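Participant: Quick one: the structure is below, and I'll ask about it shortly.
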Amino acid sequence: MENTAALPRPELLQVADAVARDKGIEKDEVLTAMELAIQKAGRSKYGAEHDIRAQIDRKTGEIRLYRFIEVVADDAEIENEAAQIRVSEAKKKDAKLNVGDFIVDQLPSIDFGRIAAQTAKQVIGQKIRDAERIRQYNEYKDRVGEIINGIVKRVESGSVIVDIGRAEAVLRWDEMIRRETFRTGDRIRAYIMDVRLESRGPQIFLSRTHPQFLAKLFAQEVPEIYDGVIEIKAVARDPGSRAKMAVTATDSSIDPVGACVGMRGVRVQAVVNELQGEKIDIIQWSPDPATFIVNALAPAEVVKVVLDEEDHRMEVVVPDDQKSLAIGGRGQNVRLASQLTGWYVDILTEAEESERRQSEVKVRAQAFIDALDVDDVIAHLLVAEGFSSVDEIAAVPMEEIAAIEGFDEDLATELQNRAKAYIEKRNAEFAVRSKELGVDDSLMGLEGLTQEMIVKLAEKGVKTLDDFADLATDEVLEIVGENAMTAHDAEALIMKAREHWFENDGEKRRLTGVYPNA
């Protein structure tokens, strides 16, 4: 660049065309970068305090250089005398000028020296790199969740840098399958996990351990998945070792498991080979959690499933000789089944379940014997009917107790009277104990806490409403017992105990007009 006179410069447009094609960016972005470079050279010549702007004609390549002077109000503070002028002074030059207008002077041509040309070249290079980064980000940000093919460019610090065509991507060591290694020049398939625009440019992160990598591989191998006839509902992986995938079909005449396995297992084997021999269990998905977990624990047999929907847990009973198979090596089978279904799974053998049930029956029956002063037969009948506490006996309709085989209305009435008397005595004892511990009335009045819970809390130093409000959900459950209430109930009680904080804060702000953090 030797001259910025207003002369046609078609070679500039040719250079811009070539750079745009080579870098995959818009020609206008290249020309804008050139304008900034010329502008910077102009400021070096005329002074950095001047507002110098360059313009390249998009049709002829003609370069023009201008100096802009902003017109400001007479009472405005002049921050830069070289680039600002008061309106009264400006009107002496042109009466039509008003505040906010610019006086534009076209400058004569300038000769670029070696340093100015080098600076211009650096500016152009930087702007083109910036434009290229934005282009790469825009191209790949919408491709998150796709599988991409690439070639290993280099390996550094355990991570693999992959050439994916018009950009580079990173496959970190923790996103690679165990025991697999890559060398420069190797072909690689991976899942685009994330794309971030950082100061050093777009960062494209790949993964070969992501559950969706397996799902996308099956979508490539199984046309029915690609067409939407078969749907992958869930995937759980222990990368490089074992995986479970739940599938279902929108058409009842199609076997989704068989379609994914393929003739002689050819489809599933193609995915297994890509995942370094990872064993894949393909199971039938079911909307019924119990059926789903039975399928997910295959090849182990399941005798019984007991669901606890509040805590999202399920107890699975298996034959005595199937427990190790259901759990799997290092707990792998049950862990993957739990991830696949989204339920916490506890495996018990029939013997363990029977022993625990007998132990629970014994404990509950003894509690009824002690509280209601009844014999062993009546206590066990109550347990067999599903009663787990004296409180339940006091609360249910009398007819429900009388309906137990061998019971009548007189016995049912007597049992309820004894249950109510026991609860009244117990609460009186807890009330006395609460006073001894110095429990504040505010905590005593928190609806949802029983007298027994209040005593347990007080024995741990929780004696006021504020003390309780300061607790976390898991702390409440640890003190009162996980069987006493659910995590949801504990959280609701804590929030209820905190209500007076917000009410007091709001009243204080209303009276003082002070709004903290406003």
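Starting from 1 in every chain, residues are counted up; chains themselves are A, B, ... following the order of the structure tokens, and ligands are numbered from 1 as listed.
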Can you tell me, as a PyMOL selection string, what residues are no more than 10 Å from Ser338 (chain A) when counting only C-alpha atoms, ignoring any on the same chain fewer than 6 positions away?

Facilitator: chain A and resi 236+293+296-297+313-314+332+344-346

Participant: Please produce an output containing C-alpha atoms for each residue in the selection, written as an mmCIF file, in the first residue's frame.

Facilitator:
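Saved result, again.cif, follows:
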data_model
loop_
_atom_site.group_PDB
_atom_site.id
_atom_site.type_symbol
_atom_site.label_atom_id
_atom_site.label_comp_id
_atom_site.auth_asym_id
_atom_site.auth_seq_id
_atom_site.Cartn_x
_atom_site.Cartn_y
_atom_site.Cartn_z
ATOM 1 C CA ALA A 236 -26.475 -45.564 30.731
ATOM 2 C CA ILE A 293 -36.408 -52.192 36.263
ATOM 3 C CA ALA A 296 -33.022 -53.290 33.060
ATOM 4 C CA LEU A 297 -31.631 -55.826 35.548
ATOM 5 C CA ARG A 313 -36.488 -45.678 45.489
ATOM 6 C CA MET A 314 -37.305 -49.257 44.629
ATOM 7 C CA GLN A 332 -21.965 -52.390 37.576
ATOM 8 C CA TYR A 344 -32.398 -45.721 43.373
ATOM 9 C CA VAL A 345 -32.349 -49.531 43.409
ATOM 10 C CA ASP A 346 -31.752 -51.708 46.467
#

Participant: For the interface of region 334-441 of chain A with region 459-463 of chain A (cut-off 8 Å, counting only C-alpha atoms), please tabulate each contacting residue of region 334-441 of chain A alongside its nearest pair of atoms and their separation in Å to one decimal, rows sorted by chain and increasing number, as a tab-separated table.

Facilitator:
residue	atom	partner	partner_atom	distance
A:Leu437	CA	A:Glu459	CA	7.2
A:Gly438	CA	A:Lys463	CA	6.9
A:Val439	CA	A:Lys463	CA	4.6
A:Asp440	CA	A:Lys463	CA	5.8

Participant: Write a file of the selected residues as a PDB file, in the first residue's frame, keeping C-alpha atoms.

Facilitator:
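The result, stored in out.pdb:
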ATOM      1  CA  LEU A 437     -35.280 -28.511  77.689  1.00  0.00           C
ATOM      2  CA  GLY A 438     -36.462 -24.890  77.371  1.00  0.00           C
ATOM      3  CA  VAL A 439     -38.197 -25.176  73.995  1.00  0.00           C
ATOM      4  CA  ASP A 440     -39.560 -21.835  72.787  1.00  0.00           C
TER       5      ASP A 440
END

Participant: What parts of region 53-157 of chain A does DSSP call helix (DSSP H, G or I)? I'd like the answer as a PyMOL selection string.

Facilitator: chain A and resi 87-93+114-143

Participant: Write a file of the selected residues as an mmCIF file, in the first residue's frame, keeping N, CA and C atoms.

Facilitator:
data_model
loop_
_atom_site.group_PDB
_atom_site.id
_atom_site.type_symbol
_atom_site.label_atom_id
_atom_site.label_comp_id
_atom_site.auth_asym_id
_atom_site.auth_seq_id
_atom_site.Cartn_x
_atom_site.Cartn_y
_atom_site.Cartn_z
ATOM 1 N N VAL A 87 -20.733 24.306 18.779
ATOM 2 C CA VAL A 87 -21.671 24.579 17.690
ATOM 3 C C VAL A 87 -21.549 26.018 17.191
ATOM 4 N N SER A 88 -21.248 26.961 18.093
ATOM 5 C CA SER A 88 -21.128 28.366 17.660
ATOM 6 C C SER A 88 -19.939 28.545 16.711
ATOM 7 N N GLU A 89 -18.836 27.830 16.985
ATOM 8 C CA GLU A 89 -17.674 27.892 16.107
ATOM 9 C C GLU A 89 -17.954 27.184 14.785
ATOM 10 N N ALA A 90 -18.679 26.046 14.889
ATOM 11 C CA ALA A 90 -18.969 25.265 13.679
ATOM 12 C C ALA A 90 -19.844 26.048 12.710
ATOM 13 N N LYS A 91 -20.796 26.806 13.254
ATOM 14 C CA LYS A 91 -21.730 27.549 12.392
ATOM 15 C C LYS A 91 -21.020 28.647 11.599
ATOM 16 N N LYS A 92 -19.858 29.081 12.072
ATOM 17 C CA LYS A 92 -19.093 30.052 11.310
ATOM 18 C C LYS A 92 -18.593 29.440 10.005
ATOM 19 N N LYS A 93 -18.398 28.127 10.028
ATOM 20 C CA LYS A 93 -17.944 27.428 8.827
ATOM 21 C C LYS A 93 -19.119 27.015 7.959
ATOM 22 N N ARG A 114 7.443 1.525 5.966
ATOM 23 C CA ARG A 114 7.593 0.109 6.291
ATOM 24 C C ARG A 114 6.871 -0.239 7.581
ATOM 25 N N ILE A 115 7.010 0.612 8.630
ATOM 26 C CA ILE A 115 6.386 0.333 9.930
ATOM 27 C C ILE A 115 4.868 0.423 9.831
ATOM 28 N N ALA A 116 4.389 1.477 9.109
ATOM 29 C CA ALA A 116 2.942 1.646 8.951
ATOM 30 C C ALA A 116 2.346 0.475 8.181
ATOM 31 N N ALA A 117 3.039 0.009 7.163
ATOM 32 C CA ALA A 117 2.540 -1.121 6.371
ATOM 33 C C ALA A 117 2.492 -2.394 7.214
ATOM 34 N N GLN A 118 3.542 -2.572 8.046
ATOM 35 C CA GLN A 118 3.567 -3.755 8.911
ATOM 36 C C GLN A 118 2.423 -3.708 9.921
ATOM 37 N N THR A 119 2.176 -2.513 10.482
ATOM 38 C CA THR A 119 1.074 -2.353 11.435
ATOM 39 C C THR A 119 -0.262 -2.660 10.768
ATOM 40 N N ALA A 120 -0.419 -2.136 9.534
ATOM 41 C CA ALA A 120 -1.656 -2.375 8.790
ATOM 42 C C ALA A 120 -1.844 -3.876 8.546
ATOM 43 N N LYS A 121 -0.750 -4.556 8.205
ATOM 44 C CA LYS A 121 -0.809 -5.990 7.945
ATOM 45 C C LYS A 121 -1.241 -6.746 9.206
ATOM 46 N N GLN A 122 -0.718 -6.331 10.376
ATOM 47 C CA GLN A 122 -1.076 -6.984 11.641
ATOM 48 C C GLN A 122 -2.554 -6.786 11.970
ATOM 49 N N VAL A 123 -3.030 -5.553 11.742
ATOM 50 C CA VAL A 123 -4.439 -5.260 12.026
ATOM 51 C C VAL A 123 -5.345 -6.100 11.137
ATOM 52 N N ILE A 124 -5.000 -6.136 9.853
ATOM 53 C CA ILE A 124 -5.805 -6.928 8.920
ATOM 54 C C ILE A 124 -5.804 -8.400 9.338
ATOM 55 N N GLY A 125 -4.628 -8.912 9.684
ATOM 56 C CA GLY A 125 -4.524 -10.313 10.098
ATOM 57 C C GLY A 125 -5.354 -10.622 11.329
ATOM 58 N N GLN A 126 -5.290 -9.691 12.304
ATOM 59 C CA GLN A 126 -6.042 -9.906 13.545
ATOM 60 C C GLN A 126 -7.547 -9.875 13.287
ATOM 61 N N LYS A 127 -7.993 -8.907 12.490
ATOM 62 C CA LYS A 127 -9.427 -8.792 12.215
ATOM 63 C C LYS A 127 -9.935 -10.005 11.430
ATOM 64 N N ILE A 128 -9.102 -10.500 10.525
ATOM 65 C CA ILE A 128 -9.502 -11.683 9.760
ATOM 66 C C ILE A 128 -9.579 -12.901 10.679
ATOM 67 N N ARG A 129 -8.613 -13.006 11.593
ATOM 68 C CA ARG A 129 -8.648 -14.121 12.549
ATOM 69 C C ARG A 129 -9.893 -14.049 13.424
ATOM 70 N N ASP A 130 -10.229 -12.819 13.860
ATOM 71 C CA ASP A 130 -11.440 -12.644 14.682
ATOM 72 C C ASP A 130 -12.687 -13.063 13.902
ATOM 73 N N ALA A 131 -12.750 -12.629 12.647
ATOM 74 C CA ALA A 131 -13.910 -12.971 11.815
ATOM 75 C C ALA A 131 -13.990 -14.482 11.586
ATOM 76 N N GLU A 132 -12.806 -15.097 11.416
ATOM 77 C CA GLU A 132 -12.766 -16.545 11.194
ATOM 78 C C GLU A 132 -13.246 -17.286 12.438
ATOM 79 N N ARG A 133 -12.879 -16.789 13.614
ATOM 80 C CA ARG A 133 -13.319 -17.425 14.861
ATOM 81 C C ARG A 133 -14.835 -17.341 15.023
ATOM 82 N N ILE A 134 -15.388 -16.170 14.719
ATOM 83 C CA ILE A 134 -16.844 -16.006 14.803
ATOM 84 C C ILE A 134 -17.530 -16.949 13.817
ATOM 85 N N ARG A 135 -16.940 -17.063 12.608
ATOM 86 C CA ARG A 135 -17.514 -17.962 11.612
ATOM 87 C C ARG A 135 -17.497 -19.406 12.096
ATOM 88 N N GLN A 136 -16.366 -19.815 12.690
ATOM 89 C CA GLN A 136 -16.265 -21.183 13.209
ATOM 90 C C GLN A 136 -17.284 -21.433 14.321
ATOM 91 N N TYR A 137 -17.407 -20.469 15.219
ATOM 92 C CA TYR A 137 -18.361 -20.624 16.328
ATOM 93 C C TYR A 137 -19.785 -20.751 15.798
ATOM 94 N N ASN A 138 -20.167 -19.856 14.887
ATOM 95 C CA ASN A 138 -21.523 -19.890 14.329
ATOM 96 C C ASN A 138 -21.793 -21.193 13.574
ATOM 97 N N GLU A 139 -20.729 -21.736 12.958
ATOM 98 C CA GLU A 139 -20.897 -22.972 12.186
ATOM 99 C C GLU A 139 -21.115 -24.180 13.083
ATOM 100 N N TYR A 140 -20.434 -24.212 14.236
ATOM 101 C CA TYR A 140 -20.456 -25.419 15.071
ATOM 102 C C TYR A 140 -21.360 -25.330 16.294
ATOM 103 N N LYS A 141 -21.786 -24.126 16.698
ATOM 104 C CA LYS A 141 -22.593 -24.011 17.920
ATOM 105 C C LYS A 141 -23.934 -24.732 17.785
ATOM 106 N N ASP A 142 -24.457 -24.818 16.571
ATOM 107 C CA ASP A 142 -25.734 -25.497 16.359
ATOM 108 C C ASP A 142 -25.559 -26.980 16.053
ATOM 109 N N ARG A 143 -24.312 -27.445 16.114
ATOM 110 C CA ARG A 143 -24.050 -28.857 15.828
ATOM 111 C C ARG A 143 -23.757 -29.659 17.089
#

Participant: For Val99 (chain A), which residue out of A:Ile283, A:Leu214, A:Ala76, A:Val476 is the nearest one, using only C-alpha atoms?

Facilitator: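 Closest candidate: A:Ala76.
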
Participant: Please identify all polymer residues within 6 Å of region 300-304 of chain A, counting only C-alpha atoms, omitting same-chain residues fewer than 2 positions from it, and present them as a PyMOL selection string.

Facilitator: chain A and resi 297-298+316-318+325-326

Participant: Could you check which of A:Val72, A:Leu348, A:Ala402, A:Ile78 is closest to Phe102 (chain A), using only C-alpha atoms?

Facilitator: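 Nearest to Phe102 (chain A): A:Val72.
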
Participant: Find the residues near Ser434 (chain A): any atom within 12 Å, counting only C-alpha atoms, skip ones fewer than 2 places away on the same chain, and give them as JSON, numbers by chain.

Facilitator: {"A": [427, 428, 429, 430, 431, 432, 436, 437, 438, 439, 440, 441, 443, 444, 450, 451, 452, 453, 454, 455, 456, 457, 458, 459, 461, 462, 463, 464]}

Participant: Pull N, CA and C atoms from the residues just selected and write them as a short mmCIF file (atom, residue, chain, number, x, y, z; two decimals), in the first residue's frame.

Facilitator:
data_model
loop_
_atom_site.label_atom_id
_atom_site.label_comp_id
_atom_site.auth_asym_id
_atom_site.auth_seq_id
_atom_site.Cartn_x
_atom_site.Cartn_y
_atom_site.Cartn_z
N ASN A 427 -47.76 -37.68 74.67
CA ASN A 427 -47.61 -36.26 74.36
C ASN A 427 -47.42 -35.41 75.60
N ALA A 428 -48.10 -35.82 76.68
CA ALA A 428 -47.94 -35.10 77.96
C ALA A 428 -46.51 -35.23 78.47
N GLU A 429 -45.96 -36.45 78.31
CA GLU A 429 -44.57 -36.66 78.74
C GLU A 429 -43.61 -35.85 77.87
N PHE A 430 -43.89 -35.81 76.57
CA PHE A 430 -43.03 -35.02 75.67
C PHE A 430 -43.15 -33.53 75.97
N ALA A 431 -44.35 -33.07 76.34
CA ALA A 431 -44.56 -31.66 76.66
C ALA A 431 -43.74 -31.27 77.89
N VAL A 432 -43.76 -32.16 78.90
CA VAL A 432 -42.96 -31.90 80.11
C VAL A 432 -41.49 -31.85 79.76
N GLU A 436 -38.66 -28.83 80.11
CA GLU A 436 -37.38 -29.04 80.81
C GLU A 436 -36.21 -28.62 79.93
N LEU A 437 -36.35 -28.85 78.64
CA LEU A 437 -35.28 -28.51 77.69
C LEU A 437 -35.31 -27.04 77.28
N GLY A 438 -36.37 -26.31 77.68
CA GLY A 438 -36.46 -24.89 77.37
C GLY A 438 -36.85 -24.59 75.94
N VAL A 439 -37.75 -25.39 75.37
CA VAL A 439 -38.20 -25.18 73.99
C VAL A 439 -39.08 -23.94 73.92
N ASP A 440 -38.80 -23.07 72.96
CA ASP A 440 -39.56 -21.84 72.79
C ASP A 440 -40.96 -22.14 72.22
N ASP A 441 -41.94 -21.31 72.62
CA ASP A 441 -43.32 -21.50 72.15
C ASP A 441 -43.42 -21.40 70.63
N LEU A 443 -41.44 -22.57 68.38
CA LEU A 443 -41.16 -23.87 67.78
C LEU A 443 -42.28 -24.86 68.12
N MET A 444 -42.80 -24.76 69.35
CA MET A 444 -43.90 -25.65 69.76
C MET A 444 -45.12 -25.45 68.85
N THR A 450 -44.33 -33.02 65.46
CA THR A 450 -44.97 -33.70 66.60
C THR A 450 -44.18 -33.41 67.87
N GLN A 451 -44.79 -33.75 69.01
CA GLN A 451 -44.11 -33.54 70.30
C GLN A 451 -42.80 -34.33 70.34
N GLU A 452 -42.85 -35.53 69.79
CA GLU A 452 -41.64 -36.36 69.79
C GLU A 452 -40.54 -35.72 68.97
N MET A 453 -40.88 -35.18 67.80
CA MET A 453 -39.89 -34.51 66.96
C MET A 453 -39.30 -33.30 67.68
N ILE A 454 -40.16 -32.54 68.36
CA ILE A 454 -39.70 -31.33 69.06
C ILE A 454 -38.69 -31.70 70.13
N VAL A 455 -38.96 -32.79 70.87
CA VAL A 455 -38.02 -33.23 71.92
C VAL A 455 -36.69 -33.63 71.28
N LYS A 456 -36.74 -34.38 70.18
CA LYS A 456 -35.51 -34.80 69.51
C LYS A 456 -34.71 -33.60 69.04
N LEU A 457 -35.40 -32.60 68.50
CA LEU A 457 -34.72 -31.38 68.04
C LEU A 457 -34.08 -30.63 69.20
N ALA A 458 -34.86 -30.51 70.30
CA ALA A 458 -34.37 -29.77 71.48
C ALA A 458 -33.15 -30.44 72.08
N GLU A 459 -33.14 -31.78 72.07
CA GLU A 459 -31.99 -32.51 72.62
C GLU A 459 -30.73 -32.28 71.78
N GLY A 461 -30.17 -29.21 70.57
CA GLY A 461 -29.92 -27.78 70.67
C GLY A 461 -30.81 -26.91 69.82
N VAL A 462 -31.80 -27.50 69.13
CA VAL A 462 -32.73 -26.74 68.29
C VAL A 462 -33.96 -26.44 69.13
N LYS A 463 -34.04 -25.21 69.68
CA LYS A 463 -35.08 -24.90 70.65
C LYS A 463 -35.98 -23.73 70.25
N THR A 464 -35.62 -23.01 69.20
CA THR A 464 -36.45 -21.87 68.77
C THR A 464 -36.79 -22.02 67.28
#

Participant: Name all residues at most 10 Å from Phe407 (chain A) (count only C-alpha atoms; drop same-chain ones fewer than 6 positions away) and give them as a list in words.

Facilitator: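 Returned residues: Ile378, Leu381 and Ile401 of chain A.
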
Participant: Generate the output file for the selected residues, C-alpha atoms, as a compact mmCIF listing (two decimals), in the first residue's frame.

Facilitator:
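Output file result-v1.txt follows:
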# COMPACT_ATOMS: atom_id res chain seq x y z
CA ILE A 378 -53.80 -59.25 68.31
CA LEU A 381 -53.00 -59.30 63.31
CA ILE A 401 -60.31 -52.08 62.61

Participant: What lies within 9 Å of Arg196 (chain A) using only C-alpha atoms, ignoring chain neighbours under 3 positions off, as a list in words?

Facilitator: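 Counting only the stated atoms, we get Tyr137, Lys141, Gly201, Pro202, Gln203, Ile204 and Phe205 of chain A.
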
Participant: Determine, counting only C-alpha atoms, which protein, DNA and RNA residues have an atom within 10 Å of an atom of Arg418 (chain A); residues of the same chain fewer than 5 positions away are not included. Present the result as a ChimeraX atom specification.

Facilitator: /A:371-374,390,393-394,412-413,423-424

Participant: Out of region 80-325 of chain A, which residues get strand (DSSP E or B) from DSSP, as a ChimeraX atom specification?

Facilitator: /A:84-86,102-106,147-156,159-163,168-171,187-198,201-207,230-238,242-249,279-284,304-308,313-318

Participant: Pick from A:Ile192, A:Ala215, A:Ile347, A:Ala249: nearest to Val268 (chain A), with only C-alpha atoms counted?

Facilitator: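 Ranked by minimum distance to Val268 (chain A), first place goes to A:Ala215.
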